[in-house]
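Enquirer: Got a structure for you, run.cif, holding mmCIF, C-alpha atoms.
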```cif
data_start
#
loop_
_atom_site.label_atom_id
_atom_site.label_comp_id
_atom_site.auth_asym_id
_atom_site.auth_seq_id
_atom_site.Cartn_x
_atom_site.Cartn_y
_atom_site.Cartn_z
CA MET A 1 136.45 43.28 92.54
CA PRO A 2 138.03 44.76 95.73
CA PHE A 3 137.52 48.26 94.26
CA ARG A 4 133.73 47.71 94.07
CA CYS A 5 133.68 46.62 97.68
CA VAL A 6 135.52 49.75 98.80
CA VAL A 7 133.16 51.98 96.82
CA ALA A 8 130.12 50.22 98.27
CA LEU A 9 131.45 50.59 101.83
CA TRP A 10 132.27 54.24 101.23
CA ALA A 11 128.78 54.94 99.85
CA ALA A 12 127.19 53.13 102.78
CA ALA A 13 129.27 55.14 105.24
CA LEU A 14 128.06 58.36 103.66
CA LEU A 15 124.39 57.37 103.48
CA VAL A 16 123.98 55.98 107.01
CA PRO A 17 124.35 59.36 108.79
CA PHE A 18 122.13 61.00 106.17
CA ALA A 19 119.39 58.37 106.59
CA ALA A 20 119.56 58.66 110.38
CA SER A 21 119.01 62.41 110.20
CA GLN A 22 115.86 61.97 108.08
CA ASP A 23 113.17 61.08 110.63
CA PRO A 24 109.95 60.25 108.76
CA VAL A 25 107.84 60.73 111.92
CA GLN A 26 109.17 64.22 112.62
CA GLN A 27 107.00 66.94 111.13
CA THR A 28 108.02 70.47 110.45
CA ALA A 29 106.70 73.19 112.72
CA PRO A 30 104.45 75.81 111.20
CA PRO A 31 106.30 78.99 110.20
CA SER A 32 106.48 81.51 112.99
CA GLN A 33 104.96 84.97 112.68
CA PRO A 34 107.37 87.47 111.13
CA GLN A 35 108.85 89.81 113.66
CA SER A 36 109.04 93.52 113.07
CA SER A 37 112.36 94.62 111.65
CA SER A 38 114.41 97.54 112.78
CA SER A 39 113.53 99.38 109.56
CA ALA A 40 109.84 99.39 110.44
CA ASN A 41 108.46 102.65 111.73
CA SER A 42 106.34 103.01 114.88
CA SER A 43 103.08 102.17 113.07
CA GLY A 44 104.50 98.82 111.92
CA ARG A 45 104.78 99.65 108.21
CA LYS A 46 108.05 99.26 106.37
CA TYR A 47 109.53 102.17 104.44
CA SER A 48 108.79 102.10 100.73
CA HIS A 49 110.61 103.90 97.94
CA ALA A 50 107.31 104.36 96.11
CA ASN A 51 107.09 108.02 97.14
CA ASP A 52 110.74 108.90 96.61
CA PHE A 53 111.88 111.58 94.20
CA LEU A 54 114.91 110.80 92.05
CA ILE A 55 117.39 113.56 91.30
CA ARG A 56 119.74 112.52 88.56
CA GLY A 57 122.05 114.31 86.22
CA THR A 58 125.52 114.88 84.88
CA VAL A 59 128.37 117.22 85.76
CA PHE A 60 130.57 118.51 82.93
CA THR A 61 133.79 120.52 82.82
CA ASP A 62 133.97 123.89 81.10
CA LYS A 63 135.21 122.00 78.02
CA ALA A 64 132.08 119.75 77.99
CA LEU A 65 133.89 116.66 79.28
CA ALA A 66 132.42 114.40 81.97
CA PHE A 67 133.52 115.39 85.47
CA PRO A 68 134.16 112.32 87.67
CA GLY A 69 134.42 112.78 91.44
CA ALA A 70 132.48 116.05 91.73
CA GLN A 71 131.06 116.45 95.25
CA LEU A 72 127.27 116.75 95.54
CA SER A 73 125.48 118.10 98.60
CA ILE A 74 121.68 118.27 98.97
CA ARG A 75 119.54 119.77 101.71
CA ARG A 76 115.93 120.79 102.10
CA ALA A 77 115.33 124.42 101.18
CA GLY A 78 115.68 126.58 104.27
CA GLU A 79 117.79 124.11 106.25
CA LYS A 80 121.45 124.61 107.12
CA LYS A 81 122.58 121.00 107.30
CA PHE A 82 123.18 118.97 104.15
CA ARG A 83 121.45 115.60 104.53
CA TRP A 84 122.51 113.88 101.31
CA LEU A 85 126.15 113.72 100.18
CA ASP A 86 127.43 111.91 97.10
CA SER A 87 129.88 112.22 94.23
CA THR A 88 129.71 111.65 90.50
CA ASN A 89 130.79 108.38 88.94
CA SER A 90 133.50 107.94 86.28
CA ARG A 91 131.14 109.35 83.62
CA GLY A 92 130.20 112.42 85.67
CA GLU A 93 126.72 111.04 86.42
CA PHE A 94 124.80 110.84 89.68
CA ALA A 95 121.42 109.68 90.99
CA ILE A 96 120.13 110.45 94.49
CA ARG A 97 116.77 109.58 96.07
CA VAL A 98 115.10 112.16 98.29
CA LEU A 99 111.66 112.35 99.85
CA GLN A 100 108.94 113.76 97.65
CA GLY A 101 106.96 116.77 98.82
CA ALA A 102 109.68 119.37 99.47
CA GLN A 103 112.06 121.70 97.69
CA TYR A 104 115.77 120.96 97.79
CA GLU A 105 118.94 122.91 97.27
CA MET A 106 121.74 121.07 95.48
CA VAL A 107 125.35 122.27 95.49
CA VAL A 108 128.11 120.83 93.29
CA HIS A 109 131.66 121.50 94.48
CA VAL A 110 134.97 120.82 92.74
CA LYS A 111 138.29 122.30 93.81
CA GLY A 112 139.40 125.00 91.37
CA PHE A 113 135.87 125.54 90.03
CA ALA A 114 133.05 127.83 91.14
CA ASP A 115 130.30 126.07 93.12
CA GLN A 116 127.09 125.49 91.18
CA THR A 117 123.72 125.61 92.99
CA ARG A 118 120.29 124.50 91.78
CA THR A 119 116.87 124.41 93.40
CA ILE A 120 115.06 121.13 92.87
CA ASP A 121 111.26 121.12 93.11
CA ALA A 122 110.08 117.75 94.44
CA LEU A 123 106.67 119.03 95.54
CA THR A 124 104.73 117.59 92.65
CA GLY A 125 104.79 114.44 90.96
CA SER A 126 106.74 113.24 88.03
CA GLY A 127 108.98 111.44 90.51
CA GLU A 128 112.27 112.53 89.01
CA ASN A 129 114.27 115.52 87.86
CA ASN A 130 117.24 115.58 85.49
CA VAL A 131 119.82 118.34 86.02
CA VAL A 132 123.00 119.22 84.18
CA PHE A 133 125.87 121.19 85.66
CA ARG A 134 128.64 122.84 83.66
CA MET A 135 131.46 123.80 85.99
CA GLU A 136 133.33 127.05 85.39
CA PRO A 137 136.92 127.50 86.58
CA VAL A 138 137.52 130.06 89.30
CA LYS A 139 138.99 133.20 87.80
CA LYS A 140 142.14 134.13 89.65
CA GLY A 141 142.65 137.88 89.77
CA LYS A 142 146.09 139.41 89.36
CA LYS A 143 147.38 141.57 92.17
#
```
Could you render the structure as structure tokens?
Expert:
Amino acid sequence: MPFRCVVALWAAALLVPFAASQDPVQQTAPPSQPQSSSSANSSGRKYSHANDFLIRGTVFTDKALAFPGAQLSIRRAGEKKFRWLDSTNSRGEFAIRVLQGAQYEMVVHVKGFADQTRTIDALTGSGENNVVFRMEPVKKGKK
């Protein structure tokens, strides 16, 4: 019998603060207007990936094995600075989003292998391009 009394007192002690915080007269305020986020552009619209172009592909070794950790660099055709940098995953695969409506130059670099370069045409619309790179070892000349 004393155990039931302790449980009842404990339950009452927990419920009293909860009941006091629930004011039935208090009403919730209407939701405030959403504020513009920092990702919104100057016209107030948020950026959407709907018009992005997806460049995806795989990098292989000269022996047709997946090449993890290959460095990828992408820039718009005619520009000097690379704007997108990434590397391949453990299966030699990659996927990078760029803006549609331009041509891009993609360079794959791995130490000990010749750099591979491709031009990616994102001017027209399928929305994605799949590229495959097969890296060739640098031929060391004898002196």
Enquirer: Take CA of Arg134 in chain A and CA of Lys63 in chain A and report the distance between them in Å, one decimal.
Expert: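 CA of Lys63 in chain A lies at a distance of 8.7 Å from CA of Arg134 in chain A.
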Enquirer: Could you check the closest approach to Val98 in chain A for each of A:Gly69, A:Gly112, A:Gly127, A:Gly78 and tell me which residue wins, using only C-alpha atoms?
Expert: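 Ranking A:Gly69, A:Gly112, A:Gly127, A:Gly78 by distance to Val98 in chain A, first place goes to A:Gly127.
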Enquirer: Which residue out of A:Thr58, A:Thr119, A:Ser90, A:Asn129 has the minimum interatomic distance to Met106 in chain A when all atoms listed in the file are used?
Expert: A:Thr119
Enquirer: Given the point (123.4, 127.7, 89.2) in the coordinates of this file, which residues lie within 10 Å, counting only C-alpha atoms, and how would they look as a ChimeraX atom specification?
Expert: /A:106-108,114-119,132-135
Enquirer: Return as an NGL selection string the set of residues that the PyMOL selection byres ((chain A and resi 75) around 9) yields on the displayed structure.
Expert: :A and (73-74 or 76-84 or 103-107)
Enquirer: Just C-alpha atoms for this one: save the residues we selected as an mmCIF file, keeping the file's coordinate frame.
Expert:
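selection-v8.cif, freshly written:
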```cif
data_model
loop_
_atom_site.group_PDB
_atom_site.id
_atom_site.type_symbol
_atom_site.label_atom_id
_atom_site.label_comp_id
_atom_site.auth_asym_id
_atom_site.auth_seq_id
_atom_site.Cartn_x
_atom_site.Cartn_y
_atom_site.Cartn_z
ATOM 1 C CA SER A 73 125.480 118.100 98.600
ATOM 2 C CA ILE A 74 121.680 118.270 98.970
ATOM 3 C CA ARG A 76 115.930 120.790 102.100
ATOM 4 C CA ALA A 77 115.330 124.420 101.180
ATOM 5 C CA GLY A 78 115.680 126.580 104.270
ATOM 6 C CA GLU A 79 117.790 124.110 106.250
ATOM 7 C CA LYS A 80 121.450 124.610 107.120
ATOM 8 C CA LYS A 81 122.580 121.000 107.300
ATOM 9 C CA PHE A 82 123.180 118.970 104.150
ATOM 10 C CA ARG A 83 121.450 115.600 104.530
ATOM 11 C CA TRP A 84 122.510 113.880 101.310
ATOM 12 C CA GLN A 103 112.060 121.700 97.690
ATOM 13 C CA TYR A 104 115.770 120.960 97.790
ATOM 14 C CA GLU A 105 118.940 122.910 97.270
ATOM 15 C CA MET A 106 121.740 121.070 95.480
ATOM 16 C CA VAL A 107 125.350 122.270 95.490
#
```
Enquirer: Tell me, as a PyMOL selection string, which residues lie within 10 Å of range 49-56 of chain A, counting all atoms listed in the file; anything in the same chain fewer than 5 positions away does not count.
Expert: chain A and resi 74+93-102+104+106+120-132
Enquirer: Output C-alpha atoms for every residue in the selection just made, as a tab-separated table (two decimals), in the coordinates of the input.
Expert:
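The result, written out as selection-v3.tsv:
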```
chain	number	residue	atom	x	y	z
A	74	ILE	CA	121.68	118.27	98.97
A	93	GLU	CA	126.72	111.04	86.42
A	94	PHE	CA	124.80	110.84	89.68
A	95	ALA	CA	121.42	109.68	90.99
A	96	ILE	CA	120.13	110.45	94.49
A	97	ARG	CA	116.77	109.58	96.07
A	98	VAL	CA	115.10	112.16	98.29
A	99	LEU	CA	111.66	112.35	99.85
A	100	GLN	CA	108.94	113.76	97.65
A	101	GLY	CA	106.96	116.77	98.82
A	102	ALA	CA	109.68	119.37	99.47
A	104	TYR	CA	115.77	120.96	97.79
A	106	MET	CA	121.74	121.07	95.48
A	120	ILE	CA	115.06	121.13	92.87
A	121	ASP	CA	111.26	121.12	93.11
A	122	ALA	CA	110.08	117.75	94.44
A	123	LEU	CA	106.67	119.03	95.54
A	124	THR	CA	104.73	117.59	92.65
A	125	GLY	CA	104.79	114.44	90.96
A	126	SER	CA	106.74	113.24	88.03
A	127	GLY	CA	108.98	111.44	90.51
A	128	GLU	CA	112.27	112.53	89.01
A	129	ASN	CA	114.27	115.52	87.86
A	130	ASN	CA	117.24	115.58	85.49
A	131	VAL	CA	119.82	118.34	86.02
A	132	VAL	CA	123.00	119.22	84.18
```
Enquirer: Quick check, in Å to one decimal: how far apart do CA of Thr88 in chain A and CA of Glu136 in chain A lie?
Expert: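 Calculated distance between CA of Thr88 in chain A and CA of Glu136 in chain A is 16.6 Å.
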Enquirer: From the set A:Lys46, A:Lys139, A:Val110, A:Ala66, which residue has the shortest atom-to-atom contact distance to Asn89 in chain A, counting all atoms listed in the file?
Expert: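 Nearest candidate to Asn89 in chain A out of A:Lys46, A:Lys139, A:Val110, A:Ala66: A:Ala66.
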Enquirer: Kindly give the distance, in Å, that separates CA of Ala64 in chain A and CA of Lys140 in chain A, rounded to a single decimal.
Expert: 21.1 Å
Enquirer: Have a look at A:Arg91, A:Leu72, A:Asp86, A:Phe113 and name the one nearest to Val138 in chain A; count only C-alpha atoms.
Expert: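 Ranked by minimum distance to Val138 in chain A, first place goes to A:Phe113.
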